[in-house]
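*Asks:* What follows is the file entry_0.txt, containing compact mmCIF, C-alpha atoms:
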```
# COMPACT_ATOMS: atom_id res chain seq x y z
CA MET P 1 210.14 94.32 -76.39
CA PHE P 2 210.22 92.25 -79.54
CA PRO P 3 208.85 93.43 -82.89
CA ASN P 4 205.92 91.38 -84.19
CA ASP P 5 207.85 89.62 -86.96
CA VAL P 6 210.67 88.59 -84.62
CA LEU P 7 208.29 87.24 -82.00
CA LEU P 8 206.23 85.37 -84.59
CA ASN P 9 209.37 83.71 -85.91
CA GLU P 10 210.62 82.82 -82.42
CA LEU P 11 207.29 81.27 -81.45
CA GLU P 12 206.54 79.41 -84.70
CA PRO P 13 208.06 76.09 -83.51
CA VAL P 14 205.99 76.36 -80.33
CA VAL P 15 202.83 76.93 -82.38
CA ALA P 16 203.64 73.86 -84.47
CA GLY P 17 204.05 71.74 -81.36
CA LEU P 18 200.91 73.06 -79.72
CA LEU P 19 198.97 72.47 -82.94
CA ASP P 20 200.06 68.83 -83.00
CA LYS P 21 199.07 68.49 -79.34
CA HIS P 22 195.70 70.09 -80.04
CA LEU P 23 194.95 67.82 -82.98
CA ALA P 24 195.89 64.74 -80.97
CA ALA P 25 193.52 65.73 -78.17
CA SER P 26 190.62 66.82 -80.41
CA LYS P 27 187.72 64.43 -80.97
CA GLU P 28 185.58 64.60 -84.07
CA TRP P 29 181.95 65.50 -83.44
CA PHE P 30 178.94 66.32 -85.58
CA PRO P 31 176.47 69.13 -84.85
CA HIS P 32 173.53 67.25 -86.37
CA GLU P 33 173.91 64.43 -83.85
CA LEU P 34 173.37 66.78 -80.89
CA VAL P 35 170.23 68.50 -82.19
CA PRO P 36 166.85 67.04 -81.04
CA TRP P 37 165.26 67.11 -84.49
CA SER P 38 162.20 65.13 -83.39
CA ARG P 39 161.12 68.07 -81.23
CA GLY P 40 160.92 70.40 -84.23
CA ARG P 41 158.06 71.49 -86.44
CA ASP P 42 157.49 74.05 -89.18
CA PHE P 43 157.39 77.77 -88.49
CA GLU P 44 154.30 79.05 -90.26
CA PRO P 45 154.95 82.29 -92.21
CA GLY P 46 153.59 85.36 -90.45
CA VAL P 47 153.00 83.62 -87.14
CA ASP P 48 154.80 85.36 -84.29
CA TRP P 49 157.11 83.41 -82.04
CA ASP P 50 155.58 82.61 -78.66
CA PRO P 51 158.09 82.83 -75.77
CA ASP P 52 155.70 80.86 -73.54
CA GLU P 53 156.25 77.73 -75.63
CA VAL P 54 159.54 77.23 -73.81
CA GLN P 55 159.85 78.20 -70.17
CA MET P 56 163.26 79.80 -69.76
CA ASP P 57 164.85 82.43 -67.53
CA PRO P 58 165.17 85.64 -69.58
CA ALA P 59 168.83 85.88 -68.51
CA VAL P 60 169.50 82.45 -70.02
CA ARG P 61 167.82 83.59 -73.23
CA SER P 62 170.04 86.68 -73.20
CA SER P 63 173.12 84.51 -72.79
CA LEU P 64 172.14 82.16 -75.61
CA PHE P 65 171.39 85.17 -77.82
CA VAL P 66 174.78 86.78 -77.13
CA ASN P 67 176.68 83.49 -77.37
CA LEU P 68 175.27 82.63 -80.77
CA LEU P 69 175.70 86.10 -82.26
CA THR P 70 179.29 86.12 -81.04
CA GLU P 71 179.90 82.85 -82.87
CA ASP P 72 178.24 84.33 -85.97
CA ASN P 73 180.94 87.02 -86.05
CA LEU P 74 183.58 84.37 -86.79
CA PRO P 75 184.62 85.80 -90.20
CA TYR P 76 185.92 88.95 -88.54
CA TYR P 77 187.73 87.12 -85.76
CA PHE P 78 189.45 85.02 -88.41
CA ARG P 79 190.37 88.13 -90.36
CA THR P 80 191.88 89.71 -87.26
CA ILE P 81 193.81 86.61 -86.22
CA GLU P 82 195.15 85.93 -89.69
CA ALA P 83 196.21 89.56 -90.12
CA LEU P 84 198.02 89.53 -86.77
CA PHE P 85 199.60 86.08 -86.80
CA GLY P 86 199.95 85.53 -90.55
CA ARG P 87 198.59 83.02 -93.02
CA ASP P 88 201.73 80.96 -93.55
CA THR P 89 203.61 78.37 -91.46
CA ALA P 90 202.01 76.79 -88.40
CA TRP P 91 200.43 80.12 -87.45
CA GLY P 92 198.21 80.05 -90.53
CA THR P 93 197.45 76.34 -90.17
CA TRP P 94 196.30 76.91 -86.61
CA ALA P 95 194.13 79.91 -87.55
CA ARG P 96 192.32 77.88 -90.21
CA ARG P 97 191.86 74.86 -87.94
CA TRP P 98 190.53 77.12 -85.18
CA THR P 99 188.11 78.70 -87.64
CA ALA P 100 186.83 75.33 -88.81
CA GLU P 101 186.19 74.23 -85.24
CA GLU P 102 184.54 77.50 -84.24
CA GLY P 103 182.23 77.29 -87.25
CA ARG P 104 180.54 74.24 -85.76
CA HIS P 105 179.47 76.24 -82.73
CA SER P 106 177.12 78.57 -84.56
CA ILE P 107 175.73 75.62 -86.54
CA VAL P 108 174.83 73.51 -83.51
CA LEU P 109 173.61 76.45 -81.40
CA ARG P 110 171.33 77.82 -84.11
CA ASP P 111 169.90 74.41 -85.00
CA TYR P 112 169.24 73.60 -81.34
CA LEU P 113 167.63 76.97 -80.61
CA THR P 114 165.50 76.83 -83.78
CA VAL P 115 164.28 73.27 -83.26
CA THR P 116 163.41 73.87 -79.62
CA ARG P 117 161.92 77.31 -80.35
CA ALA P 118 163.87 78.74 -77.43
CA LEU P 119 164.61 82.06 -79.18
CA ASP P 120 162.67 84.22 -81.59
CA PRO P 121 164.18 83.23 -84.96
CA VAL P 122 163.13 86.48 -86.64
CA ALA P 123 164.74 88.68 -83.98
CA LEU P 124 167.80 86.44 -84.01
CA GLU P 125 168.23 86.67 -87.77
CA ARG P 126 167.77 90.42 -87.81
CA ALA P 127 170.36 90.76 -85.06
CA ARG P 128 172.73 88.44 -86.96
CA MET P 129 172.44 90.58 -90.05
CA GLN P 130 173.16 93.74 -88.10
CA GLN P 131 176.06 92.17 -86.18
CA VAL P 132 177.80 90.69 -89.21
CA GLU P 133 177.26 93.79 -91.32
CA LYS P 134 179.05 95.83 -88.66
CA GLY P 135 181.84 93.27 -88.24
CA GLU P 136 182.84 94.73 -84.89
CA VAL P 137 185.50 92.75 -83.00
CA PRO P 138 188.36 93.73 -80.67
CA GLU P 139 191.46 94.74 -82.62
CA VAL P 140 195.06 94.76 -81.42
CA ASP P 141 198.32 95.74 -83.10
CA LEU P 142 200.87 93.68 -81.18
CA VAL P 143 201.31 89.92 -81.14
CA THR P 144 201.75 89.99 -77.35
CA ASP P 145 198.39 91.73 -76.94
CA GLY P 146 196.77 89.26 -79.30
CA ILE P 147 198.05 86.28 -77.33
CA VAL P 148 196.92 87.72 -74.01
CA TYR P 149 193.49 88.72 -75.31
CA VAL P 150 192.61 85.41 -76.96
CA THR P 151 193.83 83.47 -73.92
CA LEU P 152 191.47 85.40 -71.66
CA GLN P 153 188.67 85.54 -74.21
CA GLU P 154 188.62 81.81 -74.95
CA LEU P 155 188.47 80.96 -71.25
CA ALA P 156 185.77 83.57 -70.65
CA THR P 157 183.74 82.17 -73.53
CA ARG P 158 184.14 78.60 -72.25
CA ILE P 159 182.87 79.65 -68.83
CA ALA P 160 179.94 81.60 -70.29
CA HIS P 161 178.86 78.62 -72.42
CA HIS P 162 179.25 76.16 -69.55
CA ASN P 163 177.39 78.31 -67.01
CA THR P 164 174.59 78.90 -69.50
CA GLY P 165 174.25 75.17 -70.06
CA LYS P 166 173.97 74.52 -66.33
CA LEU P 167 170.96 76.83 -66.15
CA LEU P 168 169.13 75.19 -69.04
CA GLU P 169 166.30 72.95 -67.85
CA ASP P 170 166.95 70.67 -70.78
CA ARG P 171 169.49 67.86 -70.84
CA THR P 172 169.99 68.13 -74.60
CA GLY P 173 170.71 71.84 -74.35
CA TYR P 174 173.18 71.19 -71.57
CA GLU P 175 175.01 68.65 -73.75
CA VAL P 176 175.17 71.14 -76.64
CA MET P 177 176.68 73.82 -74.43
CA LYS P 178 179.03 71.32 -72.81
CA ARG P 179 180.38 70.27 -76.21
CA VAL P 180 180.91 73.85 -77.35
CA ALA P 181 182.56 74.73 -74.03
CA ALA P 182 184.95 71.78 -74.40
CA ASP P 183 186.14 73.15 -77.76
CA GLU P 184 186.62 76.60 -76.27
CA ASN P 185 188.66 75.12 -73.43
CA ARG P 186 191.07 73.42 -75.83
CA HIS P 187 191.45 76.70 -77.69
CA HIS P 188 192.16 78.43 -74.39
CA LEU P 189 194.83 75.86 -73.48
CA PHE P 190 196.54 76.39 -76.84
CA TYR P 191 196.77 80.15 -76.34
CA ARG P 192 197.58 79.91 -72.63
CA ASP P 193 200.55 77.65 -73.32
CA LEU P 194 201.58 79.88 -76.21
CA GLY P 195 201.52 82.78 -73.75
CA THR P 196 203.81 80.83 -71.43
CA ALA P 197 206.29 80.43 -74.28
CA ALA P 198 205.99 84.11 -75.18
CA LEU P 199 206.83 85.02 -71.57
CA GLU P 200 210.13 83.17 -71.93
CA VAL P 201 210.97 85.09 -75.10
CA ASP P 202 209.63 88.56 -74.24
CA PRO P 203 208.53 88.77 -70.59
CA SER P 204 208.42 92.57 -70.47
CA GLY P 205 206.34 92.83 -73.62
CA MET P 206 203.91 90.23 -72.31
CA VAL P 207 203.49 91.96 -68.94
CA VAL P 208 202.77 95.29 -70.63
CA ALA P 209 200.26 93.48 -72.83
CA MET P 210 198.63 91.83 -69.80
CA GLU P 211 198.10 95.16 -68.11
CA ARG P 212 196.64 96.70 -71.26
CA GLN P 213 194.35 93.78 -72.07
CA VAL P 214 193.05 93.36 -68.53
CA ARG P 215 192.37 97.10 -68.39
CA GLU P 216 190.63 97.18 -71.76
CA PHE P 217 189.08 93.70 -71.79
CA GLU P 218 185.67 93.36 -73.38
CA MET P 219 183.72 90.16 -73.70
CA PRO P 220 183.03 89.15 -77.28
CA GLY P 221 179.66 90.54 -78.25
CA THR P 222 180.21 94.28 -78.18
CA GLY P 223 178.16 95.63 -81.05
CA ILE P 224 175.32 93.13 -80.59
CA VAL P 225 171.84 94.62 -80.44
CA ASP P 226 171.08 95.73 -76.84
CA PHE P 227 174.37 94.21 -75.68
CA GLU P 228 174.52 96.26 -72.48
CA SER P 229 171.11 95.08 -71.27
CA HIS P 230 171.91 91.47 -72.17
CA ALA P 231 175.29 91.70 -70.42
CA TYR P 232 173.62 93.07 -67.29
CA ALA P 233 171.08 90.24 -67.26
CA ILE P 234 173.87 87.70 -67.76
CA ALA P 235 175.84 89.20 -64.88
CA LYS P 236 172.81 89.41 -62.59
CA ALA P 237 172.15 85.70 -63.16
CA GLY P 238 175.75 84.89 -62.22
CA ILE P 239 176.54 83.45 -65.64
CA TYR P 240 179.39 85.88 -66.19
CA ASP P 241 180.13 88.82 -63.91
CA PHE P 242 183.10 90.63 -62.38
CA THR P 243 183.61 87.92 -59.76
CA VAL P 244 183.60 85.16 -62.37
CA HIS P 245 185.99 87.19 -64.51
CA HIS P 246 188.39 87.76 -61.62
CA ASP P 247 188.21 84.39 -59.87
CA ASN P 248 187.90 82.07 -62.87
CA VAL P 249 189.78 83.89 -65.62
CA LEU P 250 192.29 86.43 -64.34
CA VAL P 251 193.53 84.63 -61.23
CA PRO P 252 194.04 81.20 -62.86
CA VAL P 253 195.80 82.63 -65.91
CA ILE P 254 197.60 85.81 -64.84
CA LEU P 255 198.54 84.89 -61.28
CA ARG P 256 198.76 81.12 -61.27
CA HIS P 257 199.74 79.88 -64.70
CA TRP P 258 201.72 82.86 -65.96
CA ASN P 259 202.83 83.66 -62.39
CA VAL P 260 203.21 87.35 -63.16
CA GLU P 261 204.19 88.25 -59.60
CA ALA P 262 207.32 86.08 -59.75
CA LEU P 263 208.69 87.29 -63.09
CA GLU P 264 212.21 88.72 -62.95
CA GLY P 265 214.36 90.92 -65.14
CA LEU P 266 211.54 93.16 -66.32
CA THR P 267 212.11 96.58 -67.84
CA PRO P 268 211.05 99.65 -65.81
CA GLU P 269 207.99 100.02 -68.05
CA ALA P 270 207.01 96.39 -67.43
CA GLU P 271 207.53 96.77 -63.68
CA GLN P 272 205.14 99.71 -63.69
CA ALA P 273 202.70 97.72 -65.80
CA ARG P 274 202.83 94.79 -63.37
CA ALA P 275 202.03 97.09 -60.43
CA LYS P 276 199.10 98.60 -62.33
CA LEU P 277 197.92 95.14 -63.39
CA LEU P 278 197.79 93.83 -59.82
CA LYS P 279 195.95 96.94 -58.63
CA ARG P 280 193.50 96.61 -61.50
CA MET P 281 192.79 93.00 -60.58
CA GLU P 282 192.18 93.98 -56.95
CA ARG P 283 189.76 96.66 -58.14
CA ILE P 284 187.88 94.15 -60.32
CA ALA P 285 187.61 91.82 -57.32
CA ARG P 286 186.14 94.61 -55.16
CA VAL P 287 183.61 95.57 -57.81
CA GLY P 288 182.66 91.93 -58.13
CA ARG P 289 182.08 91.58 -54.41
CA ARG P 290 179.88 94.67 -54.36
CA PHE P 291 177.87 93.46 -57.35
CA SER P 292 177.39 90.02 -55.75
CA ALA P 293 176.28 91.59 -52.47
CA ASP P 294 173.77 93.80 -54.29
CA ARG P 295 172.47 90.75 -56.18
CA GLU P 296 171.98 88.83 -52.94
CA ARG P 297 170.13 91.73 -51.33
CA GLU P 298 167.83 92.01 -54.35
CA ALA P 299 167.15 88.29 -54.26
CA GLU P 300 166.31 88.45 -50.55
CA ALA P 301 164.02 91.43 -51.11
CA GLU P 302 162.22 89.60 -53.92
CA LEU P 303 161.81 86.52 -51.71
CA VAL P 304 160.37 88.60 -48.87
CA GLY P 305 158.02 90.33 -51.27
CA ALA P 306 156.85 87.03 -52.72
CA THR P 307 156.06 85.57 -49.29
CA ALA P 308 154.47 88.70 -47.83
```
So, in terms of structure tokens, how does the structure I just supplied come out?

*Replies:*
Amino acid sequence: MFPNDVLLNELEPVVAGLLDKHLAASKEWFPHELVPWSRGRDFEPGVDWDPDEVQMDPAVRSSLFVNLLTEDNLPYYFRTIEALFGRDTAWGTWARRWTAEEGRHSIVLRDYLTVTRALDPVALERARMQQVEKGEVPEVDLVTDGIVYVTLQELATRIAHHNTGKLLEDRTGYEVMKRVAADENRHHLFYRDLGTAALEVDPSGMVVAMERQVREFEMPGTGIVDFESHAYAIAKAGIYDFTVHHDNVLVPVILRHWNVEALEGLTPEAEQARAKLLKRMERIARVGRRFSADREREAEAELVGATA
């Protein structure tokens, strides 16, 4: 397994090429053009927010709350990425470009949610203060782990944004979430293809990292106020649950694109890690099926109760 500095040096030309590809595919957009400003009005001091002003599924509110607060934690994600990948060469250029693009997400989400009065702005600001003061983000020590984590995390975030947008009964909100999700997808593709290159350089190190990151994976947002209850609501609504994580994140990346089952020449440690990884993914799939079945039974029971 390669030391961090050696792997960073080996992959730097790949990062440079992927950065050029990313910039060529990126389209300039402006948060202020997506916000429906004409729907806004002043918030009178001392007047409590009224959730009935906007009819919205509480699970969708939870998802918007978590999504925005995750974006607010950008300074600490940047700190972690820069510390791991470095501030010089193409690695540093990419980290700064990524940060600039991610910064737009919190801008457009907050403006949209404030103008439409979809979330309580006081509760949101208090939660932002608490979240950013804590600065809690996943931390890794190895470049391989960093590549695997951000690949999975960016795709998971894209899916969460997109699925939230689909549940919004507001075309403008859907377009906001669609735009943010498109950015996250391009970030995912950058890291996914970087992971492919890293597999050619250090396949054993990457497989060990895959097993560790799949086993320890946490969605961005840990540390957010009442995160567990929000995460449960998000999962119950089908926005992001174990099945989504397995079928739409792990399988496409780990099994299909990185083709972990077909890798050859692995060290004994990596072979053991691959076996554990595949078993872990099977376990996640089973848990997802059970959760989905429970959700369907609850929905049927609620329907029967409503018609009784």

*Asks:* Please identify all polymer residues within 12 Å of Asp57 in chain P, counting only C-alpha atoms, omitting same-chain residues fewer than 6 positions from it, and present them as a ChimeraX atom specification.

*Replies:* /P:51,63-64,118-119,164,167-169,233-234,236-237,239

*Asks:* Let me make sure I understand: among P:Leu250, P:Leu113, P:Ile224, P:Ala198, which one has the smallest atom-to-atom distance to Glu12 in chain P if we use all atoms listed in the file?

*Replies:*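 Of all the options, P:Ala198 lies closest to Glu12 in chain P.
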
*Asks:* Box for range 217-234 of chain P: with edges along x, y and z, all listed atoms inside and 5 Å added on each side, what are the centre and edge lengths in Å to one decimal, as JSON?

*Replies:*
```
{"center_x": 180.1, "center_y": 92.0, "center_z": -74.2, "size_x": 28.0, "size_y": 18.6, "size_z": 23.8}
```

*Asks:* Need the shell around Ala275 in chain P: protein/DNA/RNA residues with any atom at most 12 Å away, counting only C-alpha atoms. Skip same-chain ones fewer than 2 positions apart. Format as a ChimeraX atom specification?

*Replies:* /P:207-208,210-211,260-261,266,268-273,277-282

*Asks:* Would you mind telling me which residue in P:Glu101, P:Glu139, P:Asp50, P:Asp226 lies nearest to Pro121 in chain P when using all atoms listed in the file?

*Replies:* P:Asp50

*Asks:* Identify which of the residues P:Val249, P:Phe85, P:Val66, P:Val143 lies closest to Val225 in chain P, counting all atoms listed in the file when measuring atom-to-atom distances.

*Replies:*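 Comparing P:Val249, P:Phe85, P:Val66, P:Val143 against Val225 in chain P, the winner is P:Val66.
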
*Asks:* Residues within 12 Å of Asp88 in chain P, please, as a list in words. Count all atoms listed in the file; anything in the same chain fewer than 3 positions from it doesn't count.

*Replies:*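 So, after excluding close chain neighbours, the residues are Leu8, Asn9, Glu12, Val15, Ala16, Glu82, Ala83, Leu84, Phe85, Trp91, Gly92, Thr93, Trp94, Ala95 and Arg96 of chain P.
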
*Asks:* Could you check which of P:Pro45, P:Pro3, P:Pro58, P:Gly223 is closest to Gln130 in chain P, using all atoms listed in the file?

*Replies:* P:Gly223

*Asks:* Between CA of Phe43 in chain P and CA of Thr116 in chain P, what is the distance, to one decimal in Å?

*Replies:*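 The value is 11.4 Å.
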
*Asks:* Please measure the separation of CA of Val122 in chain P and CA of Tyr232 in chain P, giving the value in Å to one decimal.

*Replies:*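 Interatomic distance, CA of Val122 in chain P to CA of Tyr232 in chain P: 23.0 Å.
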
*Asks:* Residues near Gln131 in chain P, anyone? I mean within 8 Å using all atoms listed in the file, not counting same-chain ones fewer than 3 positions away, as a PDB file with C-alpha atoms, in the frame of the given file.

*Replies:*
```pdb
ATOM      1  CA  LEU P  69     175.700  86.100 -82.260  1.00  0.00           C
ATOM      2  CA  ASN P  73     180.940  87.020 -86.050  1.00  0.00           C
ATOM      3  CA  ALA P 127     170.360  90.760 -85.060  1.00  0.00           C
ATOM      4  CA  ARG P 128     172.730  88.440 -86.960  1.00  0.00           C
ATOM      5  CA  LYS P 134     179.050  95.830 -88.660  1.00  0.00           C
ATOM      6  CA  GLY P 135     181.840  93.270 -88.240  1.00  0.00           C
ATOM      7  CA  GLU P 136     182.840  94.730 -84.890  1.00  0.00           C
ATOM      8  CA  GLY P 223     178.160  95.630 -81.050  1.00  0.00           C
ATOM      9  CA  ILE P 224     175.320  93.130 -80.590  1.00  0.00           C
ATOM     10  CA  VAL P 225     171.840  94.620 -80.440  1.00  0.00           C
TER      11      VAL P 225
END
```

*Asks:* Return the single residue from P:Val60, P:Val244, P:Ala182, P:Val14 that is closest to Thr196 in chain P, with distances computed using only C-alpha atoms.

*Replies:*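 Closest residue, counting only C-alpha atoms: P:Val14.
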
*Asks:* In Å, rounded to a single decimal, give me how far CA of Ala156 in chain P is from CA of Phe2 in chain P.

*Replies:*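 About the pair CA of Phe2 in chain P and CA of Ala156 in chain P: they are 27.4 Å apart.
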
*Asks:* Restricting the calculation to all atoms listed in the file: of P:Trp98, P:Trp37, P:Tyr149, P:Trp258, which residue gets closest to Leu199 in chain P?

*Replies:*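 Of P:Trp98, P:Trp37, P:Tyr149, P:Trp258, the one nearest Leu199 in chain P is P:Trp258, counting all atoms listed in the file.
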
*Asks:* If you count only C-alpha atoms, which residues fall within 10 Å of range 105-112 of chain P, apart from same-chain ones fewer than 3 positions away, as JSON, numbers by chain?

*Replies:* {"P": [30, 31, 32, 33, 34, 35, 36, 37, 39, 40, 64, 65, 67, 68, 69, 70, 71, 72, 73, 74, 100, 101, 102, 115, 116, 117, 118, 119, 121, 124, 172, 173, 176, 177, 179, 180, 181, 183, 184]}

*Asks:* Would you mind putting N, CA and C atoms back on range 240-255 of chain P and writing the result as a compact mmCIF listing (two decimals), keeping the file's coordinate frame?

*Replies:*
```txt
# COMPACT_ATOMS: atom_id res chain seq x y z
N TYR P 240 178.07 85.27 -66.02
CA TYR P 240 179.39 85.88 -66.19
C TYR P 240 179.33 87.29 -65.63
N ASP P 241 180.08 87.52 -64.54
CA ASP P 241 180.13 88.82 -63.91
C ASP P 241 181.56 89.14 -63.50
N PHE P 242 181.74 90.22 -62.77
CA PHE P 242 183.10 90.63 -62.38
C PHE P 242 183.78 89.57 -61.51
N THR P 243 183.02 88.95 -60.63
CA THR P 243 183.61 87.92 -59.76
C THR P 243 184.06 86.72 -60.58
N VAL P 244 183.22 86.28 -61.50
CA VAL P 244 183.60 85.16 -62.37
C VAL P 244 184.84 85.54 -63.17
N HIS P 245 184.86 86.75 -63.69
CA HIS P 245 185.99 87.19 -64.51
C HIS P 245 187.28 87.19 -63.68
N HIS P 246 187.20 87.71 -62.47
CA HIS P 246 188.39 87.76 -61.62
C HIS P 246 188.82 86.38 -61.14
N ASP P 247 187.87 85.64 -60.54
CA ASP P 247 188.21 84.39 -59.87
C ASP P 247 188.49 83.24 -60.82
N ASN P 248 187.81 83.23 -61.97
CA ASN P 248 187.90 82.07 -62.87
C ASN P 248 188.66 82.32 -64.16
N VAL P 249 189.01 83.57 -64.41
CA VAL P 249 189.78 83.89 -65.62
C VAL P 249 191.11 84.54 -65.26
N LEU P 250 191.06 85.69 -64.60
CA LEU P 250 192.29 86.43 -64.34
C LEU P 250 193.21 85.72 -63.36
N VAL P 251 192.68 85.28 -62.24
CA VAL P 251 193.53 84.63 -61.23
C VAL P 251 194.17 83.35 -61.77
N PRO P 252 193.41 82.43 -62.36
CA PRO P 252 194.04 81.20 -62.86
C PRO P 252 195.10 81.43 -63.93
N VAL P 253 194.87 82.41 -64.81
CA VAL P 253 195.80 82.63 -65.91
C VAL P 253 196.94 83.57 -65.51
N ILE P 254 196.59 84.78 -65.10
CA ILE P 254 197.60 85.81 -64.84
C ILE P 254 198.45 85.47 -63.61
N LEU P 255 197.79 85.10 -62.52
CA LEU P 255 198.54 84.89 -61.28
C LEU P 255 199.10 83.48 -61.15
```
